[in-house]
file model22.cif (mmCIF, C-alpha atoms; chains and numbers go by the auth columns)
data_start
#
loop_
_atom_site.group_PDB
_atom_site.id
_atom_site.type_symbol
_atom_site.label_atom_id
_atom_site.label_comp_id
_atom_site.label_asym_id
_atom_site.label_seq_id
_atom_site.Cartn_x
_atom_site.Cartn_y
_atom_site.Cartn_z
_atom_site.B_iso_or_equiv
_atom_site.auth_seq_id
_atom_site.auth_asym_id
ATOM 1 C CA MET A 1 149.848 -82.056 -31.732 0.00 1 A
ATOM 2 C CA PRO A 2 147.283 -80.239 -33.908 0.00 2 A
ATOM 3 C CA THR A 3 143.813 -81.651 -34.444 0.00 3 A
ATOM 4 C CA PRO A 4 143.424 -83.225 -37.901 0.00 4 A
ATOM 5 C CA ALA A 5 141.318 -81.338 -40.416 0.00 5 A
ATOM 6 C CA PRO A 6 137.753 -82.654 -40.601 0.00 6 A
ATOM 7 C CA THR A 7 136.544 -84.336 -43.765 0.00 7 A
ATOM 8 C CA GLU A 8 133.512 -82.905 -45.557 0.00 8 A
ATOM 9 C CA ALA A 9 131.181 -85.392 -43.809 0.00 9 A
ATOM 10 C CA GLU A 10 132.773 -84.580 -40.436 0.00 10 A
ATOM 11 C CA LEU A 11 132.405 -80.859 -41.102 0.00 11 A
ATOM 12 C CA ASN A 12 128.680 -81.369 -41.748 0.00 12 A
ATOM 13 C CA ILE A 13 128.369 -83.075 -38.365 0.00 13 A
ATOM 14 C CA LEU A 14 130.370 -80.311 -36.683 0.00 14 A
ATOM 15 C CA ARG A 15 127.994 -77.725 -38.169 0.00 15 A
ATOM 16 C CA VAL A 16 125.079 -79.522 -36.490 0.00 16 A
ATOM 17 C CA LEU A 17 126.909 -79.619 -33.159 0.00 17 A
ATOM 18 C CA TRP A 18 128.031 -75.980 -33.393 0.00 18 A
ATOM 19 C CA ARG A 19 124.510 -74.823 -34.259 0.00 19 A
ATOM 20 C CA SER A 20 122.472 -77.096 -32.006 0.00 20 A
ATOM 21 C CA GLY A 21 124.836 -78.078 -29.193 0.00 21 A
ATOM 22 C CA PRO A 22 125.448 -81.596 -27.849 0.00 22 A
ATOM 23 C CA ARG A 23 123.420 -84.309 -29.577 0.00 23 A
ATOM 24 C CA THR A 24 122.924 -88.061 -29.644 0.00 24 A
ATOM 25 C CA VAL A 25 123.900 -90.041 -32.717 0.00 25 A
ATOM 26 C CA ARG A 26 120.200 -90.382 -33.542 0.00 26 A
ATOM 27 C CA GLU A 27 119.644 -86.611 -33.377 0.00 27 A
ATOM 28 C CA VAL A 28 122.645 -85.897 -35.592 0.00 28 A
ATOM 29 C CA HIS A 29 121.561 -88.583 -38.021 0.00 29 A
ATOM 30 C CA GLU A 30 117.990 -87.266 -38.220 0.00 30 A
ATOM 31 C CA GLU A 31 119.131 -83.709 -38.831 0.00 31 A
ATOM 32 C CA LEU A 32 121.621 -84.582 -41.551 0.00 32 A
ATOM 33 C CA TYR A 33 120.354 -87.713 -43.239 0.00 33 A
ATOM 34 C CA ARG A 34 116.613 -87.962 -42.544 0.00 34 A
ATOM 35 C CA ASN A 35 115.494 -88.420 -46.168 0.00 35 A
ATOM 36 C CA THR A 36 118.595 -90.084 -47.568 0.00 36 A
ATOM 37 C CA ASP A 37 119.892 -93.610 -47.877 0.00 37 A
ATOM 38 C CA VAL A 38 122.711 -92.936 -45.378 0.00 38 A
ATOM 39 C CA GLY A 39 122.356 -95.392 -42.524 0.00 39 A
ATOM 40 C CA TYR A 40 122.432 -94.736 -38.794 0.00 40 A
ATOM 41 C CA THR A 41 125.552 -96.884 -38.452 0.00 41 A
ATOM 42 C CA THR A 42 127.386 -94.589 -40.887 0.00 42 A
ATOM 43 C CA THR A 43 126.636 -91.602 -38.647 0.00 43 A
ATOM 44 C CA LEU A 44 127.699 -93.616 -35.598 0.00 44 A
ATOM 45 C CA LYS A 45 130.985 -94.607 -37.254 0.00 45 A
ATOM 46 C CA LEU A 46 131.687 -91.014 -38.311 0.00 46 A
ATOM 47 C CA LEU A 47 131.155 -89.780 -34.753 0.00 47 A
ATOM 48 C CA GLN A 48 133.329 -92.575 -33.338 0.00 48 A
ATOM 49 C CA ASN A 49 136.116 -91.654 -35.767 0.00 49 A
ATOM 50 C CA MET A 50 135.728 -87.973 -34.892 0.00 50 A
ATOM 51 C CA PHE A 51 135.999 -88.861 -31.203 0.00 51 A
ATOM 52 C CA ALA A 52 139.199 -90.817 -31.884 0.00 52 A
ATOM 53 C CA LYS A 53 140.614 -87.812 -33.769 0.00 53 A
ATOM 54 C CA GLY A 54 139.739 -85.452 -30.915 0.00 54 A
ATOM 55 C CA ILE A 55 137.256 -83.430 -32.978 0.00 55 A
ATOM 56 C CA VAL A 56 134.283 -84.260 -30.733 0.00 56 A
ATOM 57 C CA ARG A 57 133.838 -85.104 -27.053 0.00 57 A
ATOM 58 C CA ARG A 58 131.594 -87.935 -25.897 0.00 58 A
ATOM 59 C CA ASN A 59 129.573 -88.043 -22.700 0.00 59 A
ATOM 60 C CA GLU A 60 129.057 -91.685 -21.759 0.00 60 A
ATOM 61 C CA ASP A 61 127.137 -91.049 -18.523 0.00 61 A
ATOM 62 C CA GLN A 62 123.799 -91.985 -20.056 0.00 62 A
ATOM 63 C CA ARG A 63 122.681 -95.009 -22.064 0.00 63 A
ATOM 64 C CA GLN A 64 122.831 -92.968 -25.273 0.00 64 A
ATOM 65 C CA HIS A 65 126.170 -91.256 -25.776 0.00 65 A
ATOM 66 C CA ILE A 66 126.008 -87.498 -26.219 0.00 66 A
ATOM 67 C CA TYR A 67 128.482 -85.930 -28.646 0.00 67 A
ATOM 68 C CA ALA A 68 129.664 -82.314 -28.584 0.00 68 A
ATOM 69 C CA ALA A 69 132.145 -80.388 -30.702 0.00 69 A
ATOM 70 C CA ALA A 70 135.617 -80.402 -29.144 0.00 70 A
ATOM 71 C CA VAL A 71 136.884 -77.772 -31.584 0.00 71 A
ATOM 72 C CA SER A 72 135.640 -74.228 -32.054 0.00 72 A
ATOM 73 C CA GLU A 73 133.892 -73.243 -35.257 0.00 73 A
ATOM 74 C CA GLN A 74 135.988 -70.126 -35.807 0.00 74 A
ATOM 75 C CA ARG A 75 139.312 -71.853 -35.220 0.00 75 A
ATOM 76 C CA THR A 76 138.384 -74.858 -37.366 0.00 76 A
ATOM 77 C CA LEU A 77 137.137 -72.763 -40.291 0.00 77 A
ATOM 78 C CA ASN A 78 140.138 -70.425 -40.043 0.00 78 A
ATOM 79 C CA GLU A 79 142.510 -73.388 -40.173 0.00 79 A
ATOM 80 C CA LEU A 80 140.683 -74.941 -43.144 0.00 80 A
ATOM 81 C CA VAL A 81 140.820 -71.639 -45.039 0.00 81 A
ATOM 82 C CA ARG A 82 144.481 -71.159 -44.114 0.00 82 A
ATOM 83 C CA ARG A 83 145.371 -74.596 -45.460 0.00 83 A
ATOM 84 C CA TRP A 84 143.314 -74.026 -48.607 0.00 84 A
ATOM 85 C CA VAL A 85 144.948 -70.638 -49.226 0.00 85 A
ATOM 86 C CA ASP A 86 148.397 -72.167 -48.764 0.00 86 A
ATOM 87 C CA HIS A 87 147.766 -75.080 -51.132 0.00 87 A
ATOM 88 C CA THR A 88 145.471 -73.513 -53.717 0.00 88 A
ATOM 89 C CA PHE A 89 146.437 -69.840 -53.832 0.00 89 A
ATOM 90 C CA ALA A 90 150.175 -70.030 -53.075 0.00 90 A
ATOM 91 C CA GLY A 91 149.599 -68.563 -49.631 0.00 91 A
ATOM 92 C CA SER A 92 147.854 -65.403 -50.881 0.00 92 A
ATOM 93 C CA PRO A 93 144.616 -64.538 -49.079 0.00 93 A
ATOM 94 C CA ALA A 94 144.177 -61.628 -51.507 0.00 94 A
ATOM 95 C CA ALA A 95 144.183 -64.053 -54.465 0.00 95 A
ATOM 96 C CA LEU A 96 141.450 -66.087 -52.763 0.00 96 A
ATOM 97 C CA ALA A 97 139.386 -62.962 -52.027 0.00 97 A
ATOM 98 C CA MET A 98 139.708 -61.636 -55.565 0.00 98 A
ATOM 99 C CA ARG A 99 138.754 -64.999 -57.064 0.00 99 A
ATOM 100 C CA ALA A 100 135.768 -65.338 -54.734 0.00 100 A
ATOM 101 C CA LEU A 101 134.544 -61.796 -55.371 0.00 101 A
ATOM 102 C CA ASP A 102 134.974 -62.110 -59.120 0.00 102 A
ATOM 103 C CA GLY A 103 133.091 -65.401 -59.276 0.00 103 A
ATOM 104 C CA LYS A 104 129.812 -64.501 -57.580 0.00 104 A
ATOM 105 C CA ARG A 105 127.500 -61.526 -57.060 0.00 105 A
ATOM 106 C CA VAL A 106 128.223 -59.548 -53.902 0.00 106 A
ATOM 107 C CA THR A 107 125.430 -57.701 -52.081 0.00 107 A
ATOM 108 C CA ARG A 108 125.630 -54.058 -51.029 0.00 108 A
ATOM 109 C CA GLU A 109 125.842 -55.122 -47.386 0.00 109 A
ATOM 110 C CA GLU A 110 128.688 -57.516 -48.130 0.00 110 A
ATOM 111 C CA LEU A 111 130.560 -54.779 -50.030 0.00 111 A
ATOM 112 C CA LYS A 112 130.089 -52.430 -47.073 0.00 112 A
ATOM 113 C CA SER A 113 131.499 -55.085 -44.719 0.00 113 A
ATOM 114 C CA LEU A 114 134.420 -55.734 -47.065 0.00 114 A
ATOM 115 C CA LYS A 115 135.243 -52.012 -47.282 0.00 115 A
ATOM 116 C CA ALA A 116 135.176 -51.767 -43.491 0.00 116 A
ATOM 117 C CA LEU A 117 137.503 -54.769 -43.237 0.00 117 A
ATOM 118 C CA ILE A 118 139.901 -53.258 -45.766 0.00 118 A
ATOM 119 C CA SER A 119 139.886 -49.984 -43.805 0.00 119 A
ATOM 120 C CA ARG A 120 140.705 -51.844 -40.563 0.00 120 A
ATOM 121 C CA LEU A 121 143.518 -53.748 -42.288 0.00 121 A
ATOM 122 C CA GLU A 122 144.941 -50.532 -43.752 0.00 122 A
ATOM 123 C CA GLU A 123 144.754 -48.849 -40.340 0.00 123 A
ATOM 124 C CA ARG A 124 146.508 -51.805 -38.714 0.00 124 A
ATOM 125 C CA GLU A 125 149.193 -51.669 -41.412 0.00 125 A
ATOM 126 C CA ARG A 126 149.759 -47.914 -40.861 0.00 126 A
ATOM 127 C CA GLY A 127 149.961 -48.431 -37.108 0.00 127 A
ATOM 128 C CA GLY A 128 152.498 -51.232 -37.502 0.00 128 A
ATOM 129 C CA ARG A 129 155.036 -48.996 -39.239 0.00 129 A
#
call {"tool": "encode", "arguments": {"input": "model22.cif", "output": "structure tokens"}}
result
Amino acid sequence: MPTPAPTEAELNILRVLWRSGPRTVREVHEELYRNTDVGYTTTLKLLQNMFAKGIVRRNEDQRQHIYAAAVSEQRTLNELVRRWVDHTFAGSPAALAMRALDGKRVTREELKSLKALISRLEERERGGR
């Protein structure tokens, strides 16, 4: 059974765990919500829900539980993009790319990377025939 897609709040927590590694609820809360009105118990509840969904692991060996991402960043982001492309762009990754590139300035380095990607995709397509 596939892991459910994370909500926006869950994705923010996953970003902390992917970047910083395993953390206590307090550490996650401080990093995300230090100067906000979001309470510690909200962060705790989010992590508990994420644990129930299988998105994070929980180490209960110590007094304070340590949470770690149970899903990889690349796989999670790829799946989110795949679902978004399917629902928003009728399954066309090219439509997403064109919309994204048309809507915001692209740096020279990004254009170079995009051209290299297109070349690799074209090469793969030629090799597949």
call {"tool": "resolve_selection", "arguments": {"input": "model22.cif", "expression": "the PyMOL selection byres ((chain A and resi 26-30) around 10)", "output": "short mmCIF file (atom, residue, chain, number, x, y, z; two decimals) with C-alpha atoms, in the coordinates of the input"}}
result
data_model
loop_
_atom_site.label_atom_id
_atom_site.label_comp_id
_atom_site.auth_asym_id
_atom_site.auth_seq_id
_atom_site.Cartn_x
_atom_site.Cartn_y
_atom_site.Cartn_z
CA ASN A 12 128.68 -81.37 -41.75
CA ILE A 13 128.37 -83.08 -38.36
CA LEU A 14 130.37 -80.31 -36.68
CA VAL A 16 125.08 -79.52 -36.49
CA LEU A 17 126.91 -79.62 -33.16
CA SER A 20 122.47 -77.10 -32.01
CA PRO A 22 125.45 -81.60 -27.85
CA ARG A 23 123.42 -84.31 -29.58
CA THR A 24 122.92 -88.06 -29.64
CA VAL A 25 123.90 -90.04 -32.72
CA GLU A 31 119.13 -83.71 -38.83
CA LEU A 32 121.62 -84.58 -41.55
CA TYR A 33 120.35 -87.71 -43.24
CA ARG A 34 116.61 -87.96 -42.54
CA ASN A 35 115.49 -88.42 -46.17
CA THR A 36 118.60 -90.08 -47.57
CA VAL A 38 122.71 -92.94 -45.38
CA GLY A 39 122.36 -95.39 -42.52
CA TYR A 40 122.43 -94.74 -38.79
CA THR A 41 125.55 -96.88 -38.45
CA THR A 42 127.39 -94.59 -40.89
CA THR A 43 126.64 -91.60 -38.65
CA LEU A 44 127.70 -93.62 -35.60
CA LEU A 47 131.16 -89.78 -34.75
CA GLN A 64 122.83 -92.97 -25.27
CA HIS A 65 126.17 -91.26 -25.78
CA ILE A 66 126.01 -87.50 -26.22
CA TYR A 67 128.48 -85.93 -28.65
#
call {"tool": "resolve_selection", "arguments": {"input": "model22.cif", "expression": "the PyMOL selection byres ((chain A and resi 70) around 6)", "output": "count of residues only"}}
result
5
call {"tool": "closest_residue", "arguments": {"input": "model22.cif", "among": "A:Glu73, A:Asn78, A:Arg15, A:Pro6", "to": "Asn49 (chain A)", "atoms": "all atoms listed in the file"}}
result
A:Pro6
call {"tool": "atom_distance", "arguments": {"input": "model22.cif", "atom1": "CA of Ala9 (chain A)", "atom2": "CA of Met98 (chain A)"}}
result
27.8 Å
call {"tool": "atom_distance", "arguments": {"input": "model22.cif", "atom1": "CA of Phe89 (chain A)", "atom2": "CA of Ala5 (chain A)"}}
result
18.4 Å
call {"tool": "atom_distance", "arguments": {"input": "model22.cif", "atom1": "CA of His87 (chain A)", "atom2": "CA of Gln74 (chain A)"}}
result
20.0 Å
call {"tool": "closest_residue", "arguments": {"input": "model22.cif", "among": "A:Arg58, A:Leu46, A:Thr76, A:Ala94", "to": "Ile118 (chain A)", "atoms": "all atoms listed in the file"}}
result
A:Ala94
call {"tool": "build_atoms", "arguments": {"input": "model22.cif", "residues": "region 104-115 of chain A", "atoms": "all heavy atoms", "output": "PDB file, keeping the file's coordinate frame"}}
result
ATOM      1  N   LYS A 104     131.194 -64.466 -58.045  1.00  0.00           N
ATOM      2  CA  LYS A 104     129.812 -64.501 -57.580  1.00  0.00           C
ATOM      3  C   LYS A 104     129.351 -63.098 -57.222  1.00  0.00           C
ATOM      4  O   LYS A 104     130.145 -62.266 -56.778  1.00  0.00           O
ATOM      5  CB  LYS A 104     129.724 -65.424 -56.350  1.00  0.00           C
ATOM      6  CG  LYS A 104     128.343 -65.872 -56.022  1.00  0.00           C
ATOM      7  CD  LYS A 104     128.364 -66.974 -54.979  1.00  0.00           C
ATOM      8  CE  LYS A 104     126.947 -67.469 -54.786  1.00  0.00           C
ATOM      9  NZ  LYS A 104     126.855 -68.499 -53.816  1.00  0.00           N
ATOM     10  N   ARG A 105     128.071 -62.837 -57.380  1.00  0.00           N
ATOM     11  CA  ARG A 105     127.500 -61.526 -57.060  1.00  0.00           C
ATOM     12  C   ARG A 105     127.678 -61.228 -55.570  1.00  0.00           C
ATOM     13  O   ARG A 105     127.499 -62.092 -54.726  1.00  0.00           O
ATOM     14  CB  ARG A 105     126.015 -61.518 -57.407  1.00  0.00           C
ATOM     15  CG  ARG A 105     125.371 -60.167 -57.199  1.00  0.00           C
ATOM     16  CD  ARG A 105     123.860 -60.236 -57.487  1.00  0.00           C
ATOM     17  NE  ARG A 105     123.216 -58.978 -57.239  1.00  0.00           N
ATOM     18  CZ  ARG A 105     122.929 -58.487 -56.037  1.00  0.00           C
ATOM     19  NH1 ARG A 105     123.240 -59.161 -54.961  1.00  0.00           N
ATOM     20  NH2 ARG A 105     122.333 -57.314 -55.909  1.00  0.00           N
ATOM     21  N   VAL A 106     128.025 -59.986 -55.275  1.00  0.00           N
ATOM     22  CA  VAL A 106     128.223 -59.548 -53.902  1.00  0.00           C
ATOM     23  C   VAL A 106     127.157 -58.505 -53.600  1.00  0.00           C
ATOM     24  O   VAL A 106     126.932 -57.582 -54.380  1.00  0.00           O
ATOM     25  CB  VAL A 106     129.639 -58.938 -53.722  1.00  0.00           C
ATOM     26  CG1 VAL A 106     129.849 -58.487 -52.295  1.00  0.00           C
ATOM     27  CG2 VAL A 106     130.707 -59.942 -54.128  1.00  0.00           C
ATOM     28  N   THR A 107     126.488 -58.642 -52.455  1.00  0.00           N
ATOM     29  CA  THR A 107     125.430 -57.701 -52.081  1.00  0.00           C
ATOM     30  C   THR A 107     126.033 -56.386 -51.599  1.00  0.00           C
ATOM     31  O   THR A 107     127.215 -56.316 -51.249  1.00  0.00           O
ATOM     32  CB  THR A 107     124.535 -58.268 -50.959  1.00  0.00           C
ATOM     33  OG1 THR A 107     125.327 -58.372 -49.763  1.00  0.00           O
ATOM     34  CG2 THR A 107     123.965 -59.626 -51.331  1.00  0.00           C
ATOM     35  N   ARG A 108     125.206 -55.361 -51.549  1.00  0.00           N
ATOM     36  CA  ARG A 108     125.630 -54.058 -51.029  1.00  0.00           C
ATOM     37  C   ARG A 108     126.152 -54.164 -49.597  1.00  0.00           C
ATOM     38  O   ARG A 108     127.150 -53.546 -49.240  1.00  0.00           O
ATOM     39  CB  ARG A 108     124.433 -53.111 -51.056  1.00  0.00           C
ATOM     40  CG  ARG A 108     124.617 -51.911 -51.896  1.00  0.00           C
ATOM     41  CD  ARG A 108     123.364 -51.028 -51.807  1.00  0.00           C
ATOM     42  NE  ARG A 108     122.682 -50.944 -53.064  1.00  0.00           N
ATOM     43  CZ  ARG A 108     123.010 -50.098 -54.014  1.00  0.00           C
ATOM     44  NH1 ARG A 108     124.006 -49.278 -53.838  1.00  0.00           N
ATOM     45  NH2 ARG A 108     122.356 -50.073 -55.150  1.00  0.00           N
ATOM     46  N   GLU A 109     125.433 -54.954 -48.782  1.00  0.00           N
ATOM     47  CA  GLU A 109     125.842 -55.122 -47.386  1.00  0.00           C
ATOM     48  C   GLU A 109     127.196 -55.817 -47.290  1.00  0.00           C
ATOM     49  O   GLU A 109     128.025 -55.465 -46.452  1.00  0.00           O
ATOM     50  CB  GLU A 109     124.780 -55.921 -46.616  1.00  0.00           C
ATOM     51  CG  GLU A 109     123.452 -55.218 -46.460  1.00  0.00           C
ATOM     52  CD  GLU A 109     122.585 -55.275 -47.729  1.00  0.00           C
ATOM     53  OE1 GLU A 109     122.754 -56.200 -48.555  1.00  0.00           O
ATOM     54  OE2 GLU A 109     121.759 -54.373 -47.895  1.00  0.00           O
ATOM     55  N   GLU A 110     127.401 -56.828 -48.133  1.00  0.00           N
ATOM     56  CA  GLU A 110     128.688 -57.516 -48.130  1.00  0.00           C
ATOM     57  C   GLU A 110     129.811 -56.577 -48.565  1.00  0.00           C
ATOM     58  O   GLU A 110     130.902 -56.593 -47.975  1.00  0.00           O
ATOM     59  CB  GLU A 110     128.633 -58.751 -49.042  1.00  0.00           C
ATOM     60  CG  GLU A 110     127.766 -59.856 -48.496  1.00  0.00           C
ATOM     61  CD  GLU A 110     127.501 -60.967 -49.509  1.00  0.00           C
ATOM     62  OE1 GLU A 110     127.414 -60.686 -50.726  1.00  0.00           O
ATOM     63  OE2 GLU A 110     127.378 -62.124 -49.068  1.00  0.00           O
ATOM     64  N   LEU A 111     129.547 -55.751 -49.590  1.00  0.00           N
ATOM     65  CA  LEU A 111     130.560 -54.779 -50.030  1.00  0.00           C
ATOM     66  C   LEU A 111     130.890 -53.789 -48.919  1.00  0.00           C
ATOM     67  O   LEU A 111     132.056 -53.450 -48.699  1.00  0.00           O
ATOM     68  CB  LEU A 111     130.073 -54.020 -51.269  1.00  0.00           C
ATOM     69  CG  LEU A 111     130.169 -54.765 -52.596  1.00  0.00           C
ATOM     70  CD1 LEU A 111     129.506 -53.955 -53.704  1.00  0.00           C
ATOM     71  CD2 LEU A 111     131.609 -55.077 -52.942  1.00  0.00           C
ATOM     72  N   LYS A 112     129.875 -53.347 -48.191  1.00  0.00           N
ATOM     73  CA  LYS A 112     130.089 -52.430 -47.073  1.00  0.00           C
ATOM     74  C   LYS A 112     130.975 -53.086 -46.016  1.00  0.00           C
ATOM     75  O   LYS A 112     131.918 -52.467 -45.503  1.00  0.00           O
ATOM     76  CB  LYS A 112     128.744 -52.028 -46.479  1.00  0.00           C
ATOM     77  CG  LYS A 112     128.823 -50.980 -45.418  1.00  0.00           C
ATOM     78  CD  LYS A 112     127.426 -50.590 -44.940  1.00  0.00           C
ATOM     79  CE  LYS A 112     127.513 -49.587 -43.801  1.00  0.00           C
ATOM     80  NZ  LYS A 112     126.193 -49.222 -43.291  1.00  0.00           N
ATOM     81  N   SER A 113     130.687 -54.347 -45.698  1.00  0.00           N
ATOM     82  CA  SER A 113     131.499 -55.085 -44.719  1.00  0.00           C
ATOM     83  C   SER A 113     132.932 -55.261 -45.206  1.00  0.00           C
ATOM     84  O   SER A 113     133.884 -55.136 -44.434  1.00  0.00           O
ATOM     85  CB  SER A 113     130.875 -56.448 -44.428  1.00  0.00           C
ATOM     86  OG  SER A 113     129.645 -56.303 -43.800  1.00  0.00           O
ATOM     87  N   LEU A 114     133.083 -55.560 -46.496  1.00  0.00           N
ATOM     88  CA  LEU A 114     134.420 -55.734 -47.065  1.00  0.00           C
ATOM     89  C   LEU A 114     135.214 -54.432 -47.015  1.00  0.00           C
ATOM     90  O   LEU A 114     136.401 -54.424 -46.676  1.00  0.00           O
ATOM     91  CB  LEU A 114     134.335 -56.245 -48.500  1.00  0.00           C
ATOM     92  CG  LEU A 114     133.921 -57.695 -48.649  1.00  0.00           C
ATOM     93  CD1 LEU A 114     133.550 -58.006 -50.093  1.00  0.00           C
ATOM     94  CD2 LEU A 114     135.038 -58.615 -48.177  1.00  0.00           C
ATOM     95  N   LYS A 115     134.568 -53.314 -47.339  1.00  0.00           N
ATOM     96  CA  LYS A 115     135.243 -52.012 -47.282  1.00  0.00           C
ATOM     97  C   LYS A 115     135.675 -51.692 -45.856  1.00  0.00           C
ATOM     98  O   LYS A 115     136.780 -51.183 -45.631  1.00  0.00           O
ATOM     99  CB  LYS A 115     134.325 -50.920 -47.837  1.00  0.00           C
ATOM    100  CG  LYS A 115     134.168 -50.989 -49.343  1.00  0.00           C
ATOM    101  CD  LYS A 115     133.163 -49.949 -49.848  1.00  0.00           C
ATOM    102  CE  LYS A 115     132.951 -50.102 -51.332  1.00  0.00           C
ATOM    103  NZ  LYS A 115     131.929 -49.178 -51.862  1.00  0.00           N
TER     104      LYS A 115
END
